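Colleague: Enclosed is the structure file input.txt (compact mmCIF, C-alpha atoms).
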```
# COMPACT_ATOMS: atom_id res chain seq x y z
CA MET A 2 82.49 112.47 113.20
CA SER A 3 82.08 110.07 116.11
CA THR A 4 85.08 109.32 118.31
CA SER A 5 83.91 105.68 118.48
CA HIS A 6 85.93 103.99 115.75
CA ASP A 7 85.81 100.55 114.15
CA ALA A 8 89.62 100.35 114.35
CA ASP A 9 92.70 102.42 114.96
CA VAL A 10 93.66 102.41 111.26
CA ILE A 11 91.93 101.66 107.96
CA VAL A 12 94.08 100.34 105.12
CA VAL A 13 92.65 100.80 101.63
CA GLY A 14 93.93 98.06 99.34
CA ALA A 15 95.02 94.48 100.11
CA GLY A 16 98.02 94.29 97.81
CA PHE A 17 101.46 93.79 99.30
CA ALA A 18 101.71 97.44 100.39
CA GLY A 19 98.44 97.32 102.28
CA LEU A 20 99.08 93.91 103.81
CA ALA A 21 102.59 94.91 104.92
CA ALA A 22 101.17 98.06 106.52
CA ALA A 23 98.46 96.08 108.28
CA ASP A 24 100.95 93.44 109.43
CA THR A 25 103.25 96.10 110.88
CA LEU A 26 100.35 97.76 112.70
CA VAL A 27 98.84 94.63 114.25
CA ARG A 28 102.28 93.52 115.40
CA ALA A 29 102.52 96.88 117.18
CA GLY A 30 99.20 96.19 118.93
CA ARG A 31 96.97 98.43 116.81
CA SER A 32 93.57 97.40 115.45
CA VAL A 33 93.21 97.46 111.65
CA VAL A 34 90.53 97.10 109.02
CA VAL A 35 91.80 96.32 105.49
CA VAL A 36 89.29 97.03 102.69
CA GLU A 37 89.80 95.64 99.20
CA ALA A 38 87.76 96.03 96.01
CA ARG A 39 88.70 92.62 94.63
CA GLU A 40 87.46 89.29 95.95
CA ARG A 41 91.09 88.32 96.65
CA VAL A 42 94.26 89.72 98.16
CA GLY A 43 97.51 90.38 96.29
CA GLY A 44 96.76 93.37 94.09
CA ARG A 45 98.96 93.23 91.00
CA VAL A 46 100.12 89.77 92.10
CA GLU A 47 97.96 86.78 91.19
CA THR A 48 98.70 83.07 90.87
CA LEU A 49 96.54 80.98 88.53
CA HIS A 50 96.70 77.24 87.90
CA LEU A 51 96.88 75.42 84.58
CA ALA A 52 94.60 72.47 83.92
CA ASP A 53 97.27 70.09 85.24
CA GLY A 54 97.58 72.09 88.47
CA THR A 55 100.81 73.90 87.58
CA PRO A 56 100.85 77.33 89.29
CA ILE A 57 101.61 80.32 87.09
CA ASP A 58 102.08 83.88 88.24
CA ILE A 59 100.06 86.04 85.88
CA GLY A 60 101.20 89.21 87.65
CA ALA A 61 104.48 90.00 89.40
CA GLN A 62 106.57 86.88 89.93
CA TRP A 63 110.32 87.43 90.41
CA LEU A 64 112.63 88.06 93.33
CA GLY A 65 116.24 89.17 93.08
CA PRO A 66 119.30 90.12 95.14
CA THR A 67 118.76 92.88 97.74
CA GLN A 68 115.00 92.27 97.80
CA ASP A 69 115.44 91.22 101.40
CA ARG A 70 111.86 91.78 102.52
CA MET A 71 110.47 89.41 99.92
CA TYR A 72 112.96 86.65 100.70
CA ALA A 73 112.12 87.13 104.39
CA LEU A 74 108.42 86.67 103.62
CA ALA A 75 109.17 83.51 101.67
CA ARG A 76 111.05 82.11 104.67
CA ARG A 77 108.34 83.26 107.08
CA PHE A 78 105.65 81.36 105.20
CA GLY A 79 107.75 78.31 104.40
CA ARG A 80 107.96 78.91 100.66
CA ALA A 81 111.16 77.88 98.92
CA THR A 82 112.57 79.96 96.08
CA TYR A 83 114.28 78.58 92.99
CA PRO A 84 116.30 80.19 90.20
CA MET A 85 114.73 80.79 86.82
CA HIS A 86 116.25 78.54 84.16
CA VAL A 87 118.94 80.45 82.27
CA ALA A 88 121.29 77.72 81.01
CA GLY A 89 121.81 77.59 77.26
CA LYS A 90 121.80 79.99 74.34
CA ASN A 91 119.54 83.03 74.22
CA VAL A 92 117.79 84.10 71.02
CA LEU A 93 118.41 87.54 69.54
CA ARG A 94 116.13 88.38 66.61
CA LEU A 95 117.05 91.51 64.64
CA ARG A 96 115.77 92.57 61.22
CA GLY A 97 113.90 89.31 60.74
CA LYS A 98 116.82 86.96 61.47
CA ASN A 99 117.52 84.86 64.55
CA GLY A 100 120.94 84.72 66.15
CA SER A 101 122.06 83.46 69.51
CA TYR A 102 124.29 84.51 72.38
CA ARG A 103 125.10 83.45 75.92
CA GLY A 104 124.98 85.49 79.09
CA HIS A 105 123.30 88.83 79.59
CA ILE A 106 124.87 90.99 76.86
CA PRO A 107 124.18 90.10 73.19
CA PHE A 108 127.82 89.95 72.06
CA ARG A 109 126.85 88.50 68.69
CA VAL A 110 126.24 91.94 67.19
CA ALA A 111 128.41 94.31 65.15
CA PRO A 112 131.28 95.92 67.12
CA TRP A 113 129.82 99.41 66.61
CA THR A 114 126.47 98.24 67.96
CA LEU A 115 128.11 96.62 70.96
CA ALA A 116 130.23 99.71 71.66
CA ASN A 117 127.20 101.99 71.45
CA LEU A 118 125.25 99.69 73.77
CA GLY A 119 128.04 99.63 76.34
CA TRP A 120 128.56 103.39 76.25
CA ALA A 121 124.83 104.15 76.56
CA MET A 122 124.35 101.81 79.52
CA ALA A 123 127.42 103.18 81.28
CA ARG A 124 126.31 106.78 80.72
CA LEU A 125 122.85 106.11 82.14
CA GLU A 126 124.39 104.44 85.18
CA VAL A 127 126.63 107.46 85.85
CA MET A 128 123.71 109.87 85.51
CA ALA A 129 121.48 107.73 87.74
CA ARG A 130 124.00 107.78 90.58
CA ARG A 131 123.45 111.53 90.93
CA VAL A 132 119.74 111.15 91.77
CA PRO A 133 118.86 111.32 95.50
CA LEU A 134 116.44 108.43 96.01
CA GLU A 135 114.41 110.18 98.70
CA ALA A 136 114.11 113.42 96.72
CA PRO A 137 114.64 113.06 92.94
CA TRP A 138 113.45 116.64 92.42
CA THR A 139 116.66 117.87 94.08
CA THR A 140 118.91 116.21 91.49
CA PRO A 141 121.42 118.62 89.87
CA ASN A 142 119.79 119.99 86.70
CA ALA A 143 116.54 118.31 87.74
CA ALA A 144 114.31 120.67 85.76
CA SER A 145 116.23 120.06 82.53
CA LEU A 146 116.26 116.29 83.04
CA ASP A 147 112.56 116.29 83.89
CA GLN A 148 111.56 118.20 80.76
CA ARG A 149 113.15 115.61 78.46
CA THR A 150 111.84 112.14 77.80
CA LEU A 151 113.90 109.00 77.95
CA GLY A 152 113.13 108.65 74.24
CA ASP A 153 114.76 112.03 73.58
CA TRP A 154 117.92 110.81 75.29
CA VAL A 155 117.98 107.52 73.38
CA ARG A 156 117.65 109.26 70.00
CA ALA A 157 120.47 111.65 70.85
CA ASN A 158 122.85 109.06 72.30
CA VAL A 159 122.19 105.71 70.61
CA PRO A 160 122.73 106.25 66.87
CA ALA A 161 123.43 102.59 66.02
CA ARG A 162 120.18 101.16 64.69
CA ASP A 163 120.45 97.73 66.29
CA ALA A 164 121.70 99.22 69.55
CA GLU A 165 118.67 101.53 69.67
CA SER A 166 116.36 98.58 69.06
CA ILE A 167 117.91 96.61 71.92
CA VAL A 168 117.84 99.61 74.27
CA ARG A 169 114.18 100.29 73.48
CA VAL A 170 113.27 96.67 74.15
CA GLY A 171 115.08 96.90 77.47
CA ILE A 172 113.27 100.11 78.39
CA GLU A 173 109.85 98.66 77.55
CA SER A 174 110.68 95.55 79.56
CA VAL A 175 111.59 97.61 82.62
CA PHE A 176 108.84 100.27 82.49
CA ALA A 177 106.04 98.65 80.43
CA ALA A 178 105.86 102.02 78.68
CA ASP A 179 107.22 103.73 75.59
CA PRO A 180 110.45 105.73 76.17
CA ASP A 181 108.67 108.89 75.01
CA GLU A 182 106.16 108.57 77.85
CA ILE A 183 108.80 108.64 80.57
CA SER A 184 110.63 111.62 82.05
CA LEU A 185 114.40 111.20 81.81
CA LEU A 186 114.63 112.18 85.48
CA HIS A 187 112.16 109.46 86.41
CA ALA A 188 114.06 106.91 84.34
CA LEU A 189 117.30 107.77 86.17
CA PHE A 190 115.57 107.61 89.56
CA TYR A 191 114.03 104.24 88.68
CA LEU A 192 117.34 102.82 87.50
CA ARG A 193 119.07 103.81 90.72
CA SER A 194 116.13 102.62 92.81
CA GLY A 195 116.50 99.11 91.37
CA GLY A 196 120.28 98.94 91.35
CA GLY A 197 120.93 99.93 87.74
CA PHE A 198 119.90 98.94 84.22
CA ASP A 199 121.92 95.75 84.32
CA ALA A 200 120.28 94.58 87.55
CA LEU A 201 116.81 95.45 86.31
CA THR A 202 117.21 93.51 83.06
CA SER A 203 119.24 90.53 84.31
CA SER A 204 118.06 87.08 85.30
CA GLU A 205 121.07 85.56 87.01
CA GLY A 206 122.10 88.07 89.67
CA GLY A 207 119.32 90.50 88.76
CA ALA A 208 115.69 91.34 89.33
CA GLN A 209 114.48 88.27 87.40
CA GLN A 210 116.61 85.75 89.30
CA ASP A 211 114.28 83.72 91.53
CA ARG A 212 110.71 82.51 91.74
CA VAL A 213 108.57 81.35 94.65
CA THR A 214 107.58 77.68 94.69
CA GLY A 215 103.83 77.44 94.27
CA GLY A 216 103.48 81.06 93.21
CA ILE A 217 104.17 84.41 94.85
CA MET A 218 100.51 85.04 95.74
CA ALA A 219 100.94 82.57 98.63
CA LEU A 220 103.02 85.24 100.40
CA ALA A 221 100.16 87.74 100.19
CA GLU A 222 97.72 85.11 101.43
CA GLY A 223 100.07 84.32 104.30
CA LEU A 224 100.25 87.98 105.32
CA ALA A 225 96.46 88.32 105.13
CA ALA A 226 95.95 85.23 107.28
CA GLU A 227 98.33 86.51 109.95
CA VAL A 228 96.71 89.95 110.00
CA VAL A 229 93.29 88.36 110.53
CA GLY A 230 94.73 85.90 113.03
CA ALA A 231 96.09 88.82 115.05
CA GLY A 232 92.65 90.38 115.25
CA GLY A 233 92.68 92.51 112.11
CA ALA A 234 89.65 92.62 109.84
CA LEU A 235 89.72 92.03 106.06
CA ARG A 236 86.80 93.08 103.90
CA LEU A 237 86.94 91.83 100.31
CA GLY A 238 84.66 92.98 97.50
CA ALA A 239 84.40 96.37 99.20
CA PRO A 240 85.62 99.22 96.95
CA ALA A 241 86.33 102.45 98.78
CA ARG A 242 84.50 105.46 97.35
CA VAL A 243 84.78 108.36 99.82
CA ILE A 244 87.38 109.27 102.45
CA ALA A 245 86.24 111.96 104.88
CA GLN A 246 88.34 113.31 107.72
CA ASP A 247 88.01 115.81 110.52
CA ALA A 248 89.68 116.52 113.85
CA GLU A 249 88.28 113.31 115.36
CA GLY A 250 89.21 110.78 112.70
CA VAL A 251 88.47 109.40 109.24
CA ARG A 252 85.49 107.67 107.69
CA VAL A 253 85.79 105.52 104.58
CA GLU A 254 82.57 104.90 102.68
CA LEU A 255 82.51 101.58 100.85
CA ASP A 256 80.12 99.77 98.60
CA GLY A 257 77.80 98.31 101.19
CA GLY A 258 78.82 100.27 104.25
CA ALA A 259 81.41 102.42 105.96
CA VAL A 260 84.25 102.12 108.46
CA SER A 261 85.86 104.70 110.72
CA ALA A 262 89.26 104.99 112.37
CA SER A 263 91.80 107.46 113.64
CA ARG A 264 93.85 107.34 110.41
CA VAL A 265 93.84 105.76 106.95
CA ILE A 266 96.58 104.44 104.68
CA VAL A 267 95.76 104.54 100.96
CA THR A 268 97.74 102.02 98.89
CA LEU A 269 95.86 102.17 95.58
CA PRO A 270 97.53 102.74 92.19
CA PRO A 271 97.48 106.49 91.44
CA PRO A 272 94.71 106.38 88.78
CA LEU A 273 92.40 104.62 91.25
CA ALA A 274 93.34 106.88 94.16
CA ALA A 275 92.53 109.86 91.90
CA GLU A 276 88.95 108.59 91.58
CA LEU A 277 88.31 108.55 95.33
CA GLU A 278 86.26 111.43 96.71
CA PHE A 279 87.99 113.22 99.57
CA ALA A 280 86.29 115.48 102.09
CA PRO A 281 87.77 117.96 102.54
CA ALA A 282 89.37 117.89 99.11
CA LEU A 283 93.02 116.94 98.73
CA SER A 284 95.58 119.68 98.32
CA SER A 285 95.84 120.84 94.72
CA GLU A 286 99.40 119.47 94.50
CA ARG A 287 98.45 115.97 95.69
CA ALA A 288 95.39 115.88 93.41
CA GLU A 289 97.51 116.96 90.44
CA LEU A 290 100.10 114.27 91.21
CA LEU A 291 97.50 111.50 91.27
CA ARG A 292 95.96 112.68 87.99
CA ALA A 293 99.35 113.00 86.29
CA LEU A 294 100.60 109.42 86.76
CA PRO A 295 99.49 106.88 84.14
CA MET A 296 100.07 103.18 84.67
CA GLY A 297 102.46 101.13 82.60
CA CYS A 298 100.73 98.82 80.17
CA VAL A 299 101.54 95.12 79.83
CA ILE A 300 99.98 91.87 78.69
CA LYS A 301 101.58 88.84 80.27
CA CYS A 302 101.37 85.79 78.01
CA VAL A 303 101.99 82.20 79.14
CA ALA A 304 102.09 79.03 77.01
CA SER A 305 102.64 75.55 78.43
CA TYR A 306 104.06 72.47 76.68
CA GLU A 307 104.57 68.86 77.72
CA GLU A 308 108.25 69.62 78.20
CA PRO A 309 110.63 72.58 77.78
CA PHE A 310 111.66 71.44 74.30
CA TRP A 311 113.99 74.41 73.80
CA ARG A 312 116.33 73.10 76.50
CA ALA A 313 117.06 69.87 74.61
CA ALA A 314 118.12 72.02 71.66
CA GLY A 315 120.55 73.93 73.87
CA PHE A 316 118.46 77.09 74.35
CA SER A 317 117.47 78.89 77.53
CA GLY A 318 114.00 80.02 76.49
CA ALA A 319 115.07 83.66 76.78
CA ALA A 320 114.71 85.80 73.68
CA VAL A 321 114.96 89.45 72.66
CA SER A 322 113.41 90.67 69.41
CA ASP A 323 113.07 94.00 67.65
CA GLU A 324 109.80 92.73 66.17
CA GLY A 325 106.59 93.17 68.11
CA PRO A 326 104.28 92.71 69.68
CA VAL A 327 106.29 90.23 71.81
CA HIS A 328 109.78 91.63 72.37
CA VAL A 329 111.02 89.35 75.17
CA THR A 330 110.42 85.81 76.39
CA PHE A 331 111.62 83.71 79.33
CA ASP A 332 111.54 80.12 80.50
CA ALA A 333 108.88 80.16 83.22
CA SER A 334 108.80 76.40 83.85
CA PRO A 335 108.40 75.19 87.45
CA ALA A 336 111.42 73.96 89.37
CA SER A 337 110.71 70.38 88.29
CA GLY A 338 111.05 71.35 84.62
CA ARG A 339 107.65 69.88 83.76
CA PRO A 340 105.62 71.15 82.08
CA GLY A 341 107.63 73.49 79.89
CA VAL A 342 106.36 77.07 80.16
CA LEU A 343 107.23 80.01 77.93
CA LEU A 344 106.48 83.50 79.17
CA GLY A 345 106.26 86.53 76.90
CA PHE A 346 105.40 90.18 77.38
CA VAL A 347 103.50 92.64 75.20
CA GLU A 348 104.19 96.12 76.54
CA GLY A 349 103.59 99.81 76.02
CA VAL A 350 101.73 100.99 72.93
CA ALA A 351 101.34 97.45 71.56
CA ALA A 352 99.76 96.29 74.82
CA ARG A 353 97.15 99.04 74.62
CA GLU A 354 96.22 97.89 71.13
CA LEU A 355 96.15 94.16 71.80
CA ALA A 356 94.18 94.59 75.03
CA SER A 357 91.16 95.48 72.90
CA TRP A 358 91.49 92.42 70.66
CA ALA A 359 89.42 89.28 70.98
CA PRO A 360 91.32 86.68 73.08
CA GLU A 361 91.56 84.25 70.14
CA ARG A 362 93.15 86.86 67.89
CA ARG A 363 95.61 87.90 70.56
CA ARG A 364 96.54 84.27 71.25
CA ALA A 365 97.23 83.63 67.56
CA VAL A 366 99.52 86.64 67.21
CA VAL A 367 101.45 85.89 70.40
CA LEU A 368 102.00 82.23 69.49
CA GLU A 369 103.14 83.23 66.01
CA ARG A 370 105.85 85.36 67.65
CA PHE A 371 106.76 82.53 70.03
CA ALA A 372 107.21 80.30 66.98
CA ALA A 373 109.39 82.88 65.22
CA LEU A 374 111.68 82.90 68.25
CA HIS A 375 111.61 79.28 69.38
CA GLY A 376 110.48 77.20 66.42
CA GLU A 377 107.17 75.88 65.14
CA ARG A 378 106.59 73.69 68.17
CA ALA A 379 106.06 76.85 70.20
CA ALA A 380 102.91 77.56 68.17
CA ARG A 381 101.21 74.42 69.53
CA PRO A 382 100.97 74.72 73.32
CA VAL A 383 98.97 72.44 75.54
CA GLU A 384 97.50 75.52 77.18
CA TYR A 385 97.68 79.29 76.75
CA VAL A 386 96.61 82.09 79.08
CA ASP A 387 97.26 85.82 79.15
CA ARG A 388 96.31 88.82 81.25
CA ALA A 389 95.88 92.35 79.90
CA TRP A 390 96.43 94.32 83.10
CA ILE A 391 95.20 97.58 81.60
CA SER A 392 91.76 95.94 81.37
CA GLU A 393 91.83 94.89 85.05
CA PRO A 394 89.51 97.47 86.68
CA TRP A 395 91.22 97.52 90.09
CA SER A 396 94.75 97.90 88.68
CA ARG A 397 94.38 99.82 85.39
CA GLY A 398 97.82 98.66 84.29
CA CYS A 399 101.14 97.21 85.37
CA TYR A 400 103.89 97.14 86.48
CA ALA A 401 103.59 100.55 88.13
CA ALA A 402 102.73 104.15 87.41
CA VAL A 403 105.30 106.12 85.40
CA PHE A 404 106.21 109.80 85.72
CA PRO A 405 105.78 111.79 82.49
CA PRO A 406 107.93 114.89 81.91
CA GLY A 407 107.53 117.70 84.40
CA VAL A 408 105.83 115.80 87.23
CA TRP A 409 108.76 115.10 89.58
CA THR A 410 109.91 118.71 89.66
CA THR A 411 106.46 120.28 90.11
CA VAL A 412 104.42 118.03 92.40
CA GLY A 413 106.66 115.01 92.96
CA HIS A 414 107.63 116.22 96.44
CA THR A 415 104.13 115.27 97.64
CA ILE A 416 104.57 111.57 96.80
CA ARG A 417 104.78 110.47 100.45
CA ARG A 418 103.46 113.57 102.24
CA PRO A 419 100.41 112.81 104.43
CA GLU A 420 97.22 114.79 103.87
CA GLY A 421 96.05 115.28 107.42
CA ARG A 422 95.01 111.82 108.62
CA VAL A 423 95.49 110.29 105.18
CA HIS A 424 98.80 108.47 104.61
CA TRP A 425 100.13 107.02 101.35
CA ALA A 426 101.77 103.74 100.42
CA GLY A 427 102.16 101.63 97.28
CA THR A 428 105.17 100.70 95.20
CA GLU A 429 105.03 104.08 93.44
CA THR A 430 105.93 105.76 96.74
CA ALA A 431 109.00 103.57 97.39
CA SER A 432 112.49 105.02 97.16
CA VAL A 433 114.19 101.61 96.76
CA TRP A 434 112.84 98.99 94.35
CA ASN A 435 110.19 101.42 93.15
CA GLY A 436 107.75 99.56 90.90
CA TYR A 437 108.49 96.14 92.42
CA VAL A 438 106.77 94.07 95.11
CA GLU A 439 109.80 94.67 97.34
CA GLY A 440 109.12 98.40 97.07
CA ALA A 441 105.44 97.86 97.84
CA VAL A 442 106.27 96.01 101.06
CA ALA A 443 108.77 98.68 102.11
CA SER A 444 106.21 101.41 101.43
CA GLY A 445 103.62 99.71 103.60
CA GLU A 446 106.08 99.41 106.47
CA ARG A 447 107.07 103.06 106.08
CA ALA A 448 103.45 104.28 106.08
CA ALA A 449 102.65 102.15 109.13
CA ALA A 450 105.63 103.67 110.94
CA GLU A 451 104.30 107.15 110.11
CA VAL A 452 100.93 106.26 111.61
CA LEU A 453 102.50 104.79 114.73
CA SER A 454 104.56 107.94 115.17
CA ALA A 455 101.47 110.11 114.74
```
Step by step, read the file and then write its structure as structure tokens.
Modeller:
Amino acid sequence: MSTSHDADVIVVGAGFAGLAAADTLVRAGRSVVVVEARERVGGRVETLHLADGTPIDIGAQWLGPTQDRMYALARRFGRATYPMHVAGKNVLRLRGKNGSYRGHIPFRVAPWTLANLGWAMARLEVMARRVPLEAPWTTPNAASLDQRTLGDWVRANVPARDAESIVRVGIESVFAADPDEISLLHALFYLRSGGGFDALTSSEGGAQQDRVTGGIMALAEGLAAEVVGAGGALRLGAPARVIAQDAEGVRVELDGGAVSASRVIVTLPPPLAAELEFAPALSSERAELLRALPMGCVIKCVASYEEPFWRAAGFSGAAVSDEGPVHVTFDASPASGRPGVLLGFVEGVAARELASWAPERRRAVVLERFAALHGERAARPVEYVDRAWISEPWSRGCYAAVFPPGVWTTVGHTIRRPEGRVHWAGTETASVWNGYVEGAVASGERAAAEVLSA
């Protein structure tokens, strides 16, 4: 391989992990080429616009306390943040009937249900605190925890029917996966990584607290512009296919060409990274890890109305339901309050099924569930749009990859380990805010620091 390189470092993927890595490197005076399969930056973040110009985040959208890197990016690029609307009563639909409650915990349930909910959440929090964030595989009794699924734990510890329903909805909302697909060890790691179950499922004071004015994709676009402005190169519509390395450097073969550098940072979701051809081949442990990690599955559904009519009736727009396929909704209206926007999620097994449906059929089913939760007016939006992320070829799912049983304790220790000149980033490699954009940014900075040290 020639010692004449196109750049010091190649970054594969222009999501937040890749852009943060590139930004860190160019600020340190290194030359960078970022290659991206899509015709845009942002990865699993994308901002669309309704017919009236209202921006909607059809991918990741929220910021919350302790996500300091994301708030810093918002300030850096002059983007204000605003709190999601939470004032009013929340809807709780169980066994076909709607009730309401205020705050985060659905107190309007039977005492036994509430007690079981409180005990289960407290027990998970205690267990999660024992997991070392940098090395989950070293957790006491790691092998036993990693052989069980989160679903196994729920069945054994949440006997109250309504409590189990609420817990399962919470789990699907956090992981975009069925509890039986997730290692209990991974669930505990993820809970601690994001500050606990309460923080991960809360709006006010939690991970769903704030939004970025104009859409969060503007932060990715700002990073990309600064990388290019500092002399970095950005190649869109250029999927990476082969990564070859030797003693002199690395060569990444793309659709339509190739680039070479001293080192490469791969930021792709694990299923996509597993499809790259490596020469020489990856270690058996790293290859097994990439093949073992499926993506969560979610369809994000957005309906807009002339106004947020639920607010006038004293409701927040938030809802939790034991009936699928939409289990949770939120008020996703802009800061001005106009138009009114309802956001709902279809997740896990249901998302896999509905992703194959015709858009009109999916729309009808989602709006029927919106109406069941928020009244008949919710069935008649001005505009409706959804995104089945499992069908997006350069993501293969959302929010992040999940660890099935047995992965952390067998090959999980390779999650951040470089393979020669190949370094790894992406939210799945983050120890704090794993699965979130904050974690993606932190992972890119960490991988860039590794390269600078090398």
Colleague: Would you mind listing, for every residue of region 127-233 of chain A within 7 Å of region 56-75 of chain A, the two atoms forming the shortest contact and the distance between them in Å to one decimal, using all atoms listed in the file, sorted by chain and ascending residue number, as a Markdown table?
Modeller:
```
| residue | atom | partner | partner_atom | distance |
| --- | --- | --- | --- | --- |
| A:Gly206 | CA | A:Pro66 | CA | 6.5 |
| A:Gly207 | CA | A:Gly65 | CA | 5.5 |
| A:Ala208 | CA | A:Gly65 | CA | 4.4 |
| A:Gln209 | CA | A:Trp63 | CA | 5.2 |
| A:Gln210 | CA | A:Gly65 | CA | 5.1 |
| A:Asp211 | CA | A:Leu64 | CA | 5.0 |
| A:Arg212 | CA | A:Trp63 | CA | 5.1 |
| A:Gly215 | CA | A:Pro56 | CA | 5.8 |
| A:Gly216 | CA | A:Asp58 | CA | 5.9 |
| A:Ile217 | CA | A:Gln62 | CA | 6.0 |
| A:Leu220 | CA | A:Leu74 | CA | 6.4 |
```
Colleague: Measuring atom to atom with only C-alpha atoms, identify which of A:Trp425, A:Trp434, A:Tyr400, A:Tyr83 is nearest to Val12 (chain A).
Modeller: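 Looking at the shortest contact to Val12 (chain A), the residue is A:Trp425.
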Colleague: For CA of Gly445 (chain A) and CA of Ser204 (chain A), determine how far apart the two atoms are, in Å to one decimal place.
Modeller: 26.5 Å
Colleague: Could you give me, as a ChimeraX atom specification, the residues within 6 Å of region 331-344 of chain A, counting all atoms listed in the file and dropping anything in the same chain fewer than 6 positions from it?
Modeller: /A:302-309,318-319
Colleague: May I have the residues from that selection written out with C-alpha atoms, as a compact mmCIF listing (two decimals), in the coordinates of the input?
Modeller:
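Written file, result12.txt:
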```
# COMPACT_ATOMS: atom_id res chain seq x y z
CA CYS A 302 101.37 85.79 78.01
CA VAL A 303 101.99 82.20 79.14
CA ALA A 304 102.09 79.03 77.01
CA SER A 305 102.64 75.55 78.43
CA TYR A 306 104.06 72.47 76.68
CA GLU A 307 104.57 68.86 77.72
CA GLU A 308 108.25 69.62 78.20
CA PRO A 309 110.63 72.58 77.78
CA GLY A 318 114.00 80.02 76.49
CA ALA A 319 115.07 83.66 76.78
```
Colleague: Could you tell me which of A:Ala15, A:Ala275, A:Ala450, A:Val327 comes closest to Leu224 (chain A) if we count all atoms listed in the file?
Modeller: A:Ala15
Colleague: Can you build me a table of region 173-279 of chain A residues sitting at most 6 Å from region 122-134 of chain A, with the closest atom pair per residue and its distance in Å to one decimal, using only C-alpha atoms, sorted by chain and residue number, as a Markdown table?
Modeller:
```
| residue | atom | partner | partner_atom | distance |
| --- | --- | --- | --- | --- |
| A:Leu189 | CA | A:Ala129 | CA | 4.5 |
| A:Phe190 | CA | A:Val132 | CA | 5.9 |
| A:Arg193 | CA | A:Ala129 | CA | 5.5 |
```
Colleague: Restricting the calculation to all atoms listed in the file, which member of A:Val403, A:Ala111, A:Ala88, A:Leu290 is positioned closest to Leu151 (chain A)?
Modeller: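 Looking only at the distances to Leu151 (chain A), the closest residue turns out to be A:Val403.
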Colleague: Find the residue from A:Gly30, A:Pro360, A:Pro270, A:Gly16 that sits nearest to Ala231 (chain A); use only C-alpha atoms when measuring.
Modeller: A:Gly30
